[in-house]
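Asks: Here you go, this is coords-v3.cif (mmCIF, C-alpha atoms).
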```
data_run
#
loop_
_atom_site.group_PDB
_atom_site.id
_atom_site.type_symbol
_atom_site.label_atom_id
_atom_site.label_comp_id
_atom_site.auth_asym_id
_atom_site.auth_seq_id
_atom_site.Cartn_x
_atom_site.Cartn_y
_atom_site.Cartn_z
ATOM 1 C CA MET A 28 44.936 78.056 93.667
ATOM 2 C CA LEU A 29 42.415 75.310 92.899
ATOM 3 C CA MET A 30 42.401 73.993 89.352
ATOM 4 C CA GLU A 31 39.736 71.995 87.516
ATOM 5 C CA LEU A 32 40.031 69.774 84.473
ATOM 6 C CA ILE A 33 37.710 71.069 81.763
ATOM 7 C CA ASN A 34 37.811 69.677 78.221
ATOM 8 C CA ASN A 35 41.187 68.041 79.009
ATOM 9 C CA THR A 36 42.794 71.430 79.833
ATOM 10 C CA PHE A 37 43.553 72.957 83.216
ATOM 11 C CA ILE A 38 42.131 76.441 83.748
ATOM 12 C CA PRO A 39 41.990 78.634 86.883
ATOM 13 C CA GLU A 40 38.837 78.325 88.929
ATOM 14 C CA LYS A 41 38.314 82.110 88.847
ATOM 15 C CA GLU A 42 37.611 81.873 85.098
ATOM 16 C CA ILE A 43 34.679 79.515 85.687
ATOM 17 C CA PRO A 44 31.348 81.389 86.012
ATOM 18 C CA ARG A 45 29.395 80.935 89.237
ATOM 19 C CA SER A 46 26.034 80.771 87.429
ATOM 20 C CA ARG A 47 24.416 81.193 84.029
ATOM 21 C CA ARG A 48 23.805 84.869 84.758
ATOM 22 C CA ASP A 49 27.452 85.324 85.698
ATOM 23 C CA ALA A 50 28.412 83.699 82.377
ATOM 24 C CA GLY A 51 26.383 86.337 80.511
ATOM 25 C CA ARG A 52 27.993 89.147 82.496
ATOM 26 C CA LYS A 53 31.515 87.859 81.842
ATOM 27 C CA ALA A 54 30.735 87.363 78.159
ATOM 28 C CA PHE A 55 29.582 90.998 77.916
ATOM 29 C CA LEU A 56 32.791 92.246 79.580
ATOM 30 C CA GLN A 57 34.941 90.111 77.277
ATOM 31 C CA THR A 58 33.100 91.414 74.211
ATOM 32 C CA LEU A 59 33.413 94.999 75.411
ATOM 33 C CA GLY A 60 37.136 94.516 76.037
ATOM 34 C CA SER A 61 37.660 93.223 72.500
ATOM 35 C CA LEU A 62 36.752 96.701 71.160
ATOM 36 C CA PHE A 63 40.091 98.011 72.429
ATOM 37 C CA THR A 64 42.216 95.297 70.815
ATOM 38 C CA SER A 65 43.651 94.943 67.336
ATOM 39 C CA ARG A 66 41.004 92.319 66.504
ATOM 40 C CA ASN A 67 38.004 94.564 67.130
ATOM 41 C CA PRO A 68 34.901 94.210 64.894
ATOM 42 C CA PHE A 69 35.637 97.374 62.904
ATOM 43 C CA ARG A 70 39.121 96.156 61.951
ATOM 44 C CA ARG A 71 37.736 92.741 60.962
ATOM 45 C CA PHE A 72 35.013 94.411 58.903
ATOM 46 C CA MET A 73 37.567 96.407 56.904
ATOM 47 C CA ASP A 74 39.799 93.370 56.438
ATOM 48 C CA THR A 75 36.871 91.351 55.104
ATOM 49 C CA TYR A 76 35.838 94.197 52.756
ATOM 50 C CA ARG A 77 39.368 94.464 51.319
ATOM 51 C CA PHE A 78 39.532 90.707 50.812
ATOM 52 C CA ASN A 79 36.193 90.700 48.955
ATOM 53 C CA THR A 80 37.391 93.559 46.717
ATOM 54 C CA ILE A 81 40.668 91.799 45.853
ATOM 55 C CA ARG A 82 38.847 88.509 45.174
ATOM 56 C CA TRP A 83 36.380 90.254 42.851
ATOM 57 C CA SER A 84 39.250 91.979 40.980
ATOM 58 C CA ALA A 85 41.086 88.661 40.543
ATOM 59 C CA SER A 86 37.927 86.979 39.230
ATOM 60 C CA ASN A 87 37.016 89.744 36.767
ATOM 61 C CA LEU A 88 40.558 90.862 35.775
ATOM 62 C CA HIS A 89 39.861 94.550 36.402
ATOM 63 C CA GLU A 90 39.259 96.923 39.274
ATOM 64 C CA PRO A 91 35.655 97.211 40.535
ATOM 65 C CA SER A 92 33.728 100.387 39.842
ATOM 66 C CA TRP A 93 32.508 102.701 42.582
ATOM 67 C CA GLY A 94 29.057 101.162 42.349
ATOM 68 C CA LYS A 95 30.476 97.647 42.695
ATOM 69 C CA ARG A 96 32.645 98.771 45.635
ATOM 70 C CA ALA A 97 29.521 100.109 47.366
ATOM 71 C CA ASP A 98 27.741 96.816 46.696
ATOM 72 C CA LEU A 99 30.645 94.821 48.199
ATOM 73 C CA PHE A 100 30.752 97.233 51.151
ATOM 74 C CA PHE A 101 27.098 96.693 52.076
ATOM 75 C CA ARG A 102 27.290 92.932 51.492
ATOM 76 C CA THR A 103 30.108 92.579 54.031
ATOM 77 C CA ARG A 104 28.911 91.578 57.500
ATOM 78 C CA ASN A 105 28.625 94.794 59.521
ATOM 79 C CA PRO A 106 30.529 95.435 62.803
ATOM 80 C CA VAL A 107 27.363 95.269 64.924
ATOM 81 C CA ALA A 108 26.627 91.733 63.702
ATOM 82 C CA LEU A 109 30.258 90.759 64.331
ATOM 83 C CA LEU A 110 29.995 92.193 67.844
ATOM 84 C CA ARG A 111 26.844 90.163 68.474
ATOM 85 C CA ASP A 112 28.555 87.000 67.192
ATOM 86 C CA ASP A 113 31.476 87.608 69.552
ATOM 87 C CA TYR A 114 29.130 87.954 72.517
ATOM 88 C CA ARG A 115 27.264 84.736 71.657
ATOM 89 C CA SER A 116 30.521 82.840 71.171
ATOM 90 C CA ASN A 117 31.963 84.100 74.487
ATOM 91 C CA ARG A 118 28.763 83.270 76.344
ATOM 92 C CA SER A 119 28.576 79.781 74.825
ATOM 93 C CA ASN A 120 32.181 79.029 75.831
ATOM 94 C CA LEU A 121 31.643 80.285 79.382
ATOM 95 C CA LEU A 122 28.393 78.329 79.752
ATOM 96 C CA ASN A 123 30.186 75.193 78.546
ATOM 97 C CA LYS A 124 32.886 75.722 81.174
ATOM 98 C CA TRP A 125 30.288 76.328 83.892
ATOM 99 C CA GLU A 126 28.253 73.249 82.941
ATOM 100 C CA THR A 127 31.258 70.948 82.635
ATOM 101 C CA SER A 128 32.730 72.193 85.911
ATOM 102 C CA ASN A 129 29.478 71.574 87.778
ATOM 103 C CA LEU A 130 29.075 68.115 86.267
ATOM 104 C CA ASN A 131 32.640 67.147 87.202
ATOM 105 C CA HIS A 132 32.237 68.445 90.754
ATOM 106 C CA LEU A 133 28.848 66.741 91.140
ATOM 107 C CA GLN A 134 30.101 63.373 89.921
ATOM 108 C CA MET A 135 33.201 63.524 92.125
ATOM 109 C CA GLU A 136 31.021 64.285 95.163
ATOM 110 C CA LEU A 137 28.716 61.354 94.360
ATOM 111 C CA ILE A 138 31.723 59.040 94.026
ATOM 112 C CA ARG A 139 33.129 60.248 97.362
ATOM 113 C CA ILE A 140 29.822 59.794 99.191
ATOM 114 C CA GLY A 141 29.234 56.427 97.536
ATOM 115 C CA ARG A 142 32.557 55.174 98.949
ATOM 116 C CA THR A 143 31.919 56.525 102.482
ATOM 117 C CA PRO A 144 30.939 53.768 104.983
ATOM 118 C CA VAL A 145 27.524 54.280 106.591
ATOM 119 C CA GLN A 146 29.132 54.426 110.042
ATOM 120 C CA ASP A 147 31.292 57.408 108.985
ATOM 121 C CA LYS A 148 28.401 59.664 108.013
ATOM 122 C CA ASP A 149 28.233 63.044 109.751
ATOM 123 C CA ARG A 150 26.697 66.485 109.360
ATOM 124 C CA ASN A 151 29.032 67.368 106.494
ATOM 125 C CA THR A 152 27.850 64.315 104.564
ATOM 126 C CA PHE A 153 24.262 65.559 104.481
ATOM 127 C CA LYS A 154 25.472 69.089 103.653
ATOM 128 C CA SER A 155 27.247 67.614 100.635
ATOM 129 C CA LEU A 156 24.068 65.777 99.618
ATOM 130 C CA ASN A 157 22.094 69.020 99.824
ATOM 131 C CA GLY A 158 24.779 70.750 97.746
ATOM 132 C CA ILE A 159 24.513 68.028 95.083
ATOM 133 C CA GLU A 160 20.734 68.450 95.002
ATOM 134 C CA LYS A 161 21.151 72.205 94.524
ATOM 135 C CA LYS A 162 23.605 71.707 91.639
ATOM 136 C CA ILE A 163 21.225 69.257 89.958
ATOM 137 C CA ARG A 164 18.446 71.867 90.103
ATOM 138 C CA GLN A 165 20.787 74.466 88.588
ATOM 139 C CA LEU A 166 21.616 72.138 85.694
ATOM 140 C CA GLN A 167 17.933 71.623 84.814
ATOM 141 C CA GLY A 168 15.191 73.749 83.316
ATOM 142 C CA TYR A 169 16.947 75.364 80.353
ATOM 143 C CA GLU A 170 17.254 74.467 76.686
ATOM 144 C CA GLY A 171 19.942 71.878 76.009
ATOM 145 C CA CYS A 172 20.398 70.993 79.687
ATOM 146 C CA PRO A 173 22.087 67.630 80.431
ATOM 147 C CA ASP A 174 20.113 64.537 81.392
ATOM 148 C CA MET A 175 20.497 64.184 85.173
ATOM 149 C CA SER A 176 18.277 61.106 85.700
ATOM 150 C CA HIS A 177 21.250 58.904 86.681
ATOM 151 C CA GLU A 178 22.527 61.458 89.220
ATOM 152 C CA LYS A 179 19.018 61.938 90.639
ATOM 153 C CA GLN A 180 18.609 58.199 91.203
ATOM 154 C CA LEU A 181 22.003 57.917 92.912
ATOM 155 C CA LEU A 182 21.286 60.953 95.103
ATOM 156 C CA ALA A 183 17.899 59.589 96.237
ATOM 157 C CA THR A 184 19.433 56.145 96.914
ATOM 158 C CA TYR A 185 22.421 57.480 98.885
ATOM 159 C CA LYS A 186 20.155 59.749 100.949
ATOM 160 C CA TYR A 187 17.924 56.818 101.867
ATOM 161 C CA ILE A 188 20.843 54.526 102.735
ATOM 162 C CA LEU A 189 22.689 57.087 104.857
ATOM 163 C CA SER A 190 19.487 58.065 106.696
ATOM 164 C CA SER A 191 18.576 54.467 107.599
ATOM 165 C CA PRO A 192 19.511 52.866 110.958
ATOM 166 C CA PHE A 193 21.970 49.980 110.627
ATOM 167 C CA ASP A 194 23.452 47.075 112.536
ATOM 168 C CA GLN A 195 27.011 47.706 113.701
ATOM 169 C CA LYS A 196 28.340 44.658 111.889
ATOM 170 C CA PHE A 197 27.243 46.267 108.601
ATOM 171 C CA GLY A 198 28.584 49.735 109.450
ATOM 172 C CA GLY A 199 31.615 49.359 107.200
ATOM 173 C CA LEU A 200 29.497 48.996 104.056
ATOM 174 C CA PRO A 201 29.476 52.043 101.737
ATOM 175 C CA PRO A 202 26.322 52.866 99.743
ATOM 176 C CA ASP A 203 28.010 52.031 96.452
ATOM 177 C CA GLU A 204 28.781 48.488 97.605
ATOM 178 C CA ILE A 205 25.209 47.956 98.821
ATOM 179 C CA CYS A 206 23.888 49.056 95.424
ATOM 180 C CA GLY A 207 26.350 46.710 93.726
ATOM 181 C CA MET A 208 25.044 43.760 95.783
ATOM 182 C CA LEU A 209 21.472 44.587 94.813
ATOM 183 C CA ARG A 210 22.380 44.802 91.119
ATOM 184 C CA GLN A 211 24.120 41.418 91.370
ATOM 185 C CA ASN A 212 20.830 39.998 92.639
ATOM 186 C CA GLY A 213 19.055 41.167 89.489
ATOM 187 C CA LEU A 214 17.732 44.575 90.602
ATOM 188 C CA SER A 215 17.917 47.287 87.952
ATOM 189 C CA GLU A 216 19.480 50.672 88.676
ATOM 190 C CA SER A 217 16.170 52.516 88.216
ATOM 191 C CA ASN A 218 14.637 50.548 91.118
ATOM 192 C CA LEU A 219 17.392 51.308 93.646
ATOM 193 C CA PRO A 220 15.638 54.309 95.300
ATOM 194 C CA TYR A 221 12.528 52.225 96.183
ATOM 195 C CA GLN A 222 14.104 49.559 98.432
ATOM 196 C CA ASN A 223 13.731 49.060 102.189
ATOM 197 C CA TYR A 224 17.320 49.845 103.225
ATOM 198 C CA GLU A 225 16.393 49.933 106.906
ATOM 199 C CA GLY A 226 15.499 46.228 106.792
ATOM 200 C CA ILE A 227 18.524 45.398 104.622
ATOM 201 C CA LEU A 228 21.055 47.148 106.900
ATOM 202 C CA GLN A 229 19.589 45.506 110.013
ATOM 203 C CA GLY A 230 20.143 42.019 108.595
ATOM 204 C CA ARG A 231 16.477 41.100 108.166
ATOM 205 C CA GLU A 232 15.004 39.177 105.281
ATOM 206 C CA THR A 233 13.827 42.002 103.054
ATOM 207 C CA VAL A 234 11.607 41.985 99.998
ATOM 208 C CA LEU A 235 12.880 43.891 96.963
ATOM 209 C CA TYR A 236 10.498 45.984 94.878
ATOM 210 C CA GLU A 237 10.326 46.678 91.175
ATOM 211 C CA LEU A 238 8.527 49.493 89.385
ATOM 212 C CA ALA A 239 5.799 48.150 87.077
ATOM 213 C CA THR A 240 3.124 49.712 84.860
ATOM 214 C CA ARG A 241 -0.556 48.809 84.662
ATOM 215 C CA LYS A 242 -2.555 48.685 81.443
ATOM 216 C CA ASN A 243 -3.860 52.222 82.025
ATOM 217 C CA GLY A 244 -0.290 53.551 82.322
ATOM 218 C CA GLU A 245 -0.332 53.902 86.116
ATOM 219 C CA LYS A 246 2.937 52.917 87.814
ATOM 220 C CA TYR A 247 3.148 50.844 90.989
ATOM 221 C CA LEU A 248 5.661 48.823 93.020
ATOM 222 C CA GLN A 249 5.433 45.054 92.871
ATOM 223 C CA PRO A 250 7.346 42.687 95.184
ATOM 224 C CA ALA A 251 10.322 40.885 93.708
ATOM 225 C CA ASP A 252 12.961 38.614 95.245
ATOM 226 C CA GLN A 253 13.772 38.411 98.943
ATOM 227 C CA VAL A 254 17.358 39.013 100.149
ATOM 228 C CA LYS A 255 19.300 39.159 103.402
ATOM 229 C CA LEU A 256 22.681 40.570 104.443
ATOM 230 C CA ASN A 257 24.940 38.062 106.191
ATOM 231 C CA ALA A 258 28.264 38.722 107.916
ATOM 232 C CA GLY A 259 30.522 35.673 107.828
ATOM 233 C CA MET A 260 34.182 34.822 108.161
ATOM 234 C CA THR A 261 34.892 35.768 104.562
ATOM 235 C CA GLY A 262 33.045 39.083 104.769
ATOM 236 C CA ILE A 263 29.608 40.505 104.149
ATOM 237 C CA ALA A 264 27.428 39.063 101.421
ATOM 238 C CA MET A 265 23.839 39.532 100.273
ATOM 239 C CA ASP A 266 22.114 36.176 99.858
ATOM 240 C CA LEU A 267 18.972 35.487 97.874
ATOM 241 C CA THR A 268 16.539 33.805 100.321
ATOM 242 C CA SER A 269 13.541 33.379 98.033
ATOM 243 C CA ARG A 270 12.586 34.170 94.475
ATOM 244 C CA PHE A 271 9.470 35.951 93.306
ATOM 245 C CA PRO A 272 6.955 33.365 91.948
ATOM 246 C CA ALA A 273 6.336 35.289 88.712
ATOM 247 C CA ARG A 274 10.017 34.873 87.772
ATOM 248 C CA GLU A 275 9.787 31.078 88.010
ATOM 249 C CA THR A 276 8.709 30.017 84.513
ATOM 250 C CA PRO A 277 7.922 26.231 84.549
ATOM 251 C CA LEU A 278 8.941 24.142 81.576
ATOM 252 C CA PRO A 279 6.011 23.049 79.372
ATOM 253 C CA ASN A 280 4.799 19.427 79.708
ATOM 254 C CA LEU A 281 5.327 17.867 76.281
ATOM 255 C CA THR A 282 2.973 14.890 76.850
ATOM 256 C CA GLU A 283 0.059 17.127 77.855
ATOM 257 C CA SER A 284 0.589 19.396 74.838
ATOM 258 C CA ILE A 285 0.589 16.371 72.484
ATOM 259 C CA GLN A 286 -2.643 15.025 74.007
ATOM 260 C CA VAL A 287 -4.356 18.406 73.713
ATOM 261 C CA SER A 288 -3.298 18.771 70.066
ATOM 262 C CA GLU A 289 -4.601 15.256 69.276
ATOM 263 C CA LYS A 290 -7.975 16.065 70.872
ATOM 264 C CA LYS A 291 -8.250 19.227 68.795
ATOM 265 C CA GLU A 292 -7.520 17.302 65.602
ATOM 266 C CA LYS A 293 -10.164 14.658 66.422
ATOM 267 C CA LEU A 294 -12.763 17.301 67.150
ATOM 268 C CA SER A 295 -11.992 19.182 63.954
ATOM 269 C CA VAL A 296 -12.166 15.982 61.861
ATOM 270 C CA SER A 297 -15.431 14.751 63.399
ATOM 271 C CA LYS A 298 -17.216 18.089 62.932
ATOM 272 C CA GLU A 299 -16.693 18.307 59.155
ATOM 273 C CA PRO A 300 -18.841 15.286 58.073
ATOM 274 C CA LYS A 301 -21.707 16.351 60.383
ATOM 275 C CA LYS A 302 -21.903 19.702 58.667
ATOM 276 C CA ARG A 303 -22.001 18.035 55.243
ATOM 277 C CA VAL A 304 -24.775 15.640 56.316
ATOM 278 C CA ARG A 305 -26.850 18.525 57.657
ATOM 279 C CA LYS A 306 -26.413 20.428 54.386
ATOM 280 C CA GLU A 307 -27.501 17.364 52.368
ATOM 281 C CA LYS A 308 -30.590 16.906 54.567
ATOM 282 C CA ALA A 309 -31.512 20.536 54.099
ATOM 283 C CA LYS A 310 -31.230 20.134 50.322
ATOM 284 C CA THR A 311 -33.468 17.042 50.287
ATOM 285 C CA LYS A 312 -36.122 18.772 52.408
ATOM 286 C CA SER A 313 -36.134 21.736 50.118
ATOM 287 C CA VAL A 314 -36.606 19.441 47.137
ATOM 288 C CA LYS A 315 -39.593 17.726 48.758
ATOM 289 C CA ILE A 316 -41.239 21.055 49.499
ATOM 290 C CA LYS A 317 -40.989 22.081 45.899
#
```
Transcribe the structure of this file into structure tokens.

Replies:
Amino acid sequence: MLMELINNTFIPEKEIPRSRRDAGRKAFLQTLGSLFTSRNPFRRFMDTYRFNTIRWSASNLHEPSWGKRADLFFRTRNPVALLRDDYRSNRSNLLNKWETSNLNHLQMELIRIGRTPVQDKDRNTFKSLNGIEKKIRQLQGYEGCPDMSHEKQLLATYKYILSSPFDQKFGGLPPDEICGMLRQNGLSESNLPYQNYEGILQGRETVLYELATRKNGEKYLQPADQVKLNAGMTGIAMDLTSRFPARETPLPNLTESIQVSEKKEKLSVSKEPKKRVRKEKAKTKSVKIK
């Protein structure tokens, strides 16, 4: 029987729900089955009522009256509420098992496909990719669902790499290693799905692209560095053939900056006396008019 590691404990696979709806059905059956055990809600209700009565007697040093007993009886959480709490707790535990199991299986599949050389891809590889896409959709769209952005990016990247034609000398490269070479050349993980893997795997000089945002919030792809795969005696390496001009930040020329600052100072100094002379002339003219 297959076993899965969930929350650091091994449990049988048959106990893991197949879907969120199946988790609700199993939770209902577990709650219904608890009615026929010694820990049913009615027994717990009576135990809680007795405890409250004994605690009140110990605090007040005398037995409660019939009116006080009725008050303690109605203040105790009723069996229907306890039954509802049991159902919610069972459903939450089963949903946690279902979610964790799917995440573990999805991540293991992505690791396996990421280590598969591009020349070893077959029909089962793309079936696995479709299965991963289906699991990602199942784990989205409900309250408290996990963030699957990382898995979505890897899935889109692996699909593109495994669907691209390649040169035979690069057939032994797995998708994970290709992504690692791109990250070593300064490409961020979020930009991996937007690259031209057909040109990369055929050994051509290929321009990398980065996602950028305009002032109006619109996103677009801008060209970045240019790379090329090379197969040598020591193995396969991705070399940087040219760098994007915007990344080359020239050092400032200190002599030019000093000259510009001196010109600004001269202009600012020479303008001040002219303004004063003009003001004095205006005053003298006004005096003559009077």

Asks: Excluding same-chain residues fewer than 5 positions from Glu232 of chain A, what lies within 12 Å of it counting all atoms listed in the file, as a ChimeraX atom specification?

Replies: /A:223-227,252-257,265-269

Asks: Expand the PyMOL selection byres ((chain A and resi 113) around 12) into the individual residues it matches in the shown file, reporting them as a PyMOL selection string.

Replies: chain A and resi 54-62+66-68+71+106-112+114-120

Asks: When you look at Lys148 of chain A with a cut-off of 12 Å (counting all atoms listed in the file), what residues show up, excluding the ones that are within fewer than 2 positions of it in the same chain? I need them as a list of chain:residue names.

Replies: A:Arg139, A:Ile140, A:Gly141, A:Arg142, A:Thr143, A:Pro144, A:Val145, A:Gln146, A:Arg150, A:Asn151, A:Thr152, A:Phe153, A:Lys154, A:Ser155, A:Leu156, A:Tyr185, A:Lys186, A:Ile188, A:Leu189, A:Ser190, A:Ser191, A:Pro192, A:Phe193, A:Gly198, A:Gly199, A:Leu200, A:Pro201, A:Pro202

Asks: Selection from above, C-alpha atoms, as a PDB file, in the frame of the given file, can you write it?

Replies:
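Written output follows (again_34.pdb):
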```pdb
ATOM      1  CA  ARG A 139      33.129  60.248  97.362  1.00  0.00           C
ATOM      2  CA  ILE A 140      29.822  59.794  99.191  1.00  0.00           C
ATOM      3  CA  GLY A 141      29.234  56.427  97.536  1.00  0.00           C
ATOM      4  CA  ARG A 142      32.557  55.174  98.949  1.00  0.00           C
ATOM      5  CA  THR A 143      31.919  56.525 102.482  1.00  0.00           C
ATOM      6  CA  PRO A 144      30.939  53.768 104.983  1.00  0.00           C
ATOM      7  CA  VAL A 145      27.524  54.280 106.591  1.00  0.00           C
ATOM      8  CA  GLN A 146      29.132  54.426 110.042  1.00  0.00           C
ATOM      9  CA  ARG A 150      26.697  66.485 109.360  1.00  0.00           C
ATOM     10  CA  ASN A 151      29.032  67.368 106.494  1.00  0.00           C
ATOM     11  CA  THR A 152      27.850  64.315 104.564  1.00  0.00           C
ATOM     12  CA  PHE A 153      24.262  65.559 104.481  1.00  0.00           C
ATOM     13  CA  LYS A 154      25.472  69.089 103.653  1.00  0.00           C
ATOM     14  CA  SER A 155      27.247  67.614 100.635  1.00  0.00           C
ATOM     15  CA  LEU A 156      24.068  65.777  99.618  1.00  0.00           C
ATOM     16  CA  TYR A 185      22.421  57.480  98.885  1.00  0.00           C
ATOM     17  CA  LYS A 186      20.155  59.749 100.949  1.00  0.00           C
ATOM     18  CA  ILE A 188      20.843  54.526 102.735  1.00  0.00           C
ATOM     19  CA  LEU A 189      22.689  57.087 104.857  1.00  0.00           C
ATOM     20  CA  SER A 190      19.487  58.065 106.696  1.00  0.00           C
ATOM     21  CA  SER A 191      18.576  54.467 107.599  1.00  0.00           C
ATOM     22  CA  PRO A 192      19.511  52.866 110.958  1.00  0.00           C
ATOM     23  CA  PHE A 193      21.970  49.980 110.627  1.00  0.00           C
ATOM     24  CA  GLY A 198      28.584  49.735 109.450  1.00  0.00           C
ATOM     25  CA  GLY A 199      31.615  49.359 107.200  1.00  0.00           C
ATOM     26  CA  LEU A 200      29.497  48.996 104.056  1.00  0.00           C
ATOM     27  CA  PRO A 201      29.476  52.043 101.737  1.00  0.00           C
ATOM     28  CA  PRO A 202      26.322  52.866  99.743  1.00  0.00           C
TER      29      PRO A 202
END
```

Asks: What's around segment 206-220 of chain A at 8 Å? Count all atoms listed in the file, leave out sequence neighbours fewer than 6 positions away in its own chain, and write the answer as a PyMOL selection string.

Replies: chain A and resi 180-181+183-184+187+236-238+264-265+267

Asks: Please provide the set of residues having any atom within 9 Å of Asn129 of chain A, restricted to all atoms listed in the file, with same-chain residues fewer than 5 positions apart removed, written as a list of chain:residue names.

Replies: A:Lys124, A:Gln134, A:Lys162, A:Ile163, A:Leu166

Asks: Just add N, CA, C and O atoms to segment 254-266 of chain A and send it as a CSV table (one decimal), keeping the file's coordinate frame.

Replies:
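Result saved to selection.csv:
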```csv
chain,number,residue,atom,x,y,z
A,254,VAL,N,15.9,39.1,99.9
A,254,VAL,CA,17.4,39.0,100.1
A,254,VAL,C,17.6,39.3,101.6
A,254,VAL,O,16.8,39.7,102.4
A,255,LYS,N,18.9,39.0,102.0
A,255,LYS,CA,19.3,39.2,103.4
A,255,LYS,C,20.8,39.4,103.4
A,255,LYS,O,21.6,38.6,102.8
A,256,LEU,N,21.3,40.3,104.2
A,256,LEU,CA,22.7,40.6,104.4
A,256,LEU,C,23.2,39.6,105.5
A,256,LEU,O,22.6,39.5,106.6
A,257,ASN,N,24.3,39.0,105.2
A,257,ASN,CA,24.9,38.1,106.2
A,257,ASN,C,26.4,38.4,106.3
A,257,ASN,O,27.1,38.7,105.4
A,258,ALA,N,26.9,38.5,107.6
A,258,ALA,CA,28.3,38.7,107.9
A,258,ALA,C,28.9,37.4,108.3
A,258,ALA,O,28.6,36.9,109.4
A,259,GLY,N,29.8,36.9,107.5
A,259,GLY,CA,30.5,35.7,107.8
A,259,GLY,C,32.0,35.9,108.0
A,259,GLY,O,32.5,37.0,108.1
A,260,MET,N,32.7,34.8,108.0
A,260,MET,CA,34.2,34.8,108.2
A,260,MET,C,34.9,35.4,106.9
A,260,MET,O,35.9,36.1,107.1
A,261,THR,N,34.3,35.2,105.8
A,261,THR,CA,34.9,35.8,104.6
A,261,THR,C,34.5,37.2,104.3
A,261,THR,O,35.0,37.8,103.4
A,262,GLY,N,33.5,37.7,105.0
A,262,GLY,CA,33.0,39.1,104.8
A,262,GLY,C,31.5,39.2,104.7
A,262,GLY,O,30.8,38.2,105.2
A,263,ILE,N,31.0,40.3,104.2
A,263,ILE,CA,29.6,40.5,104.1
A,263,ILE,C,29.1,40.2,102.8
A,263,ILE,O,29.7,40.6,101.8
A,264,ALA,N,28.0,39.4,102.7
A,264,ALA,CA,27.4,39.1,101.4
A,264,ALA,C,25.9,39.2,101.5
A,264,ALA,O,25.3,39.1,102.6
A,265,MET,N,25.3,39.4,100.4
A,265,MET,CA,23.8,39.5,100.3
A,265,MET,C,23.3,38.3,99.6
A,265,MET,O,23.6,38.0,98.4
A,266,ASP,N,22.6,37.5,100.4
A,266,ASP,CA,22.1,36.2,99.9
A,266,ASP,C,20.7,36.3,99.4
A,266,ASP,O,19.9,37.0,100.0
```
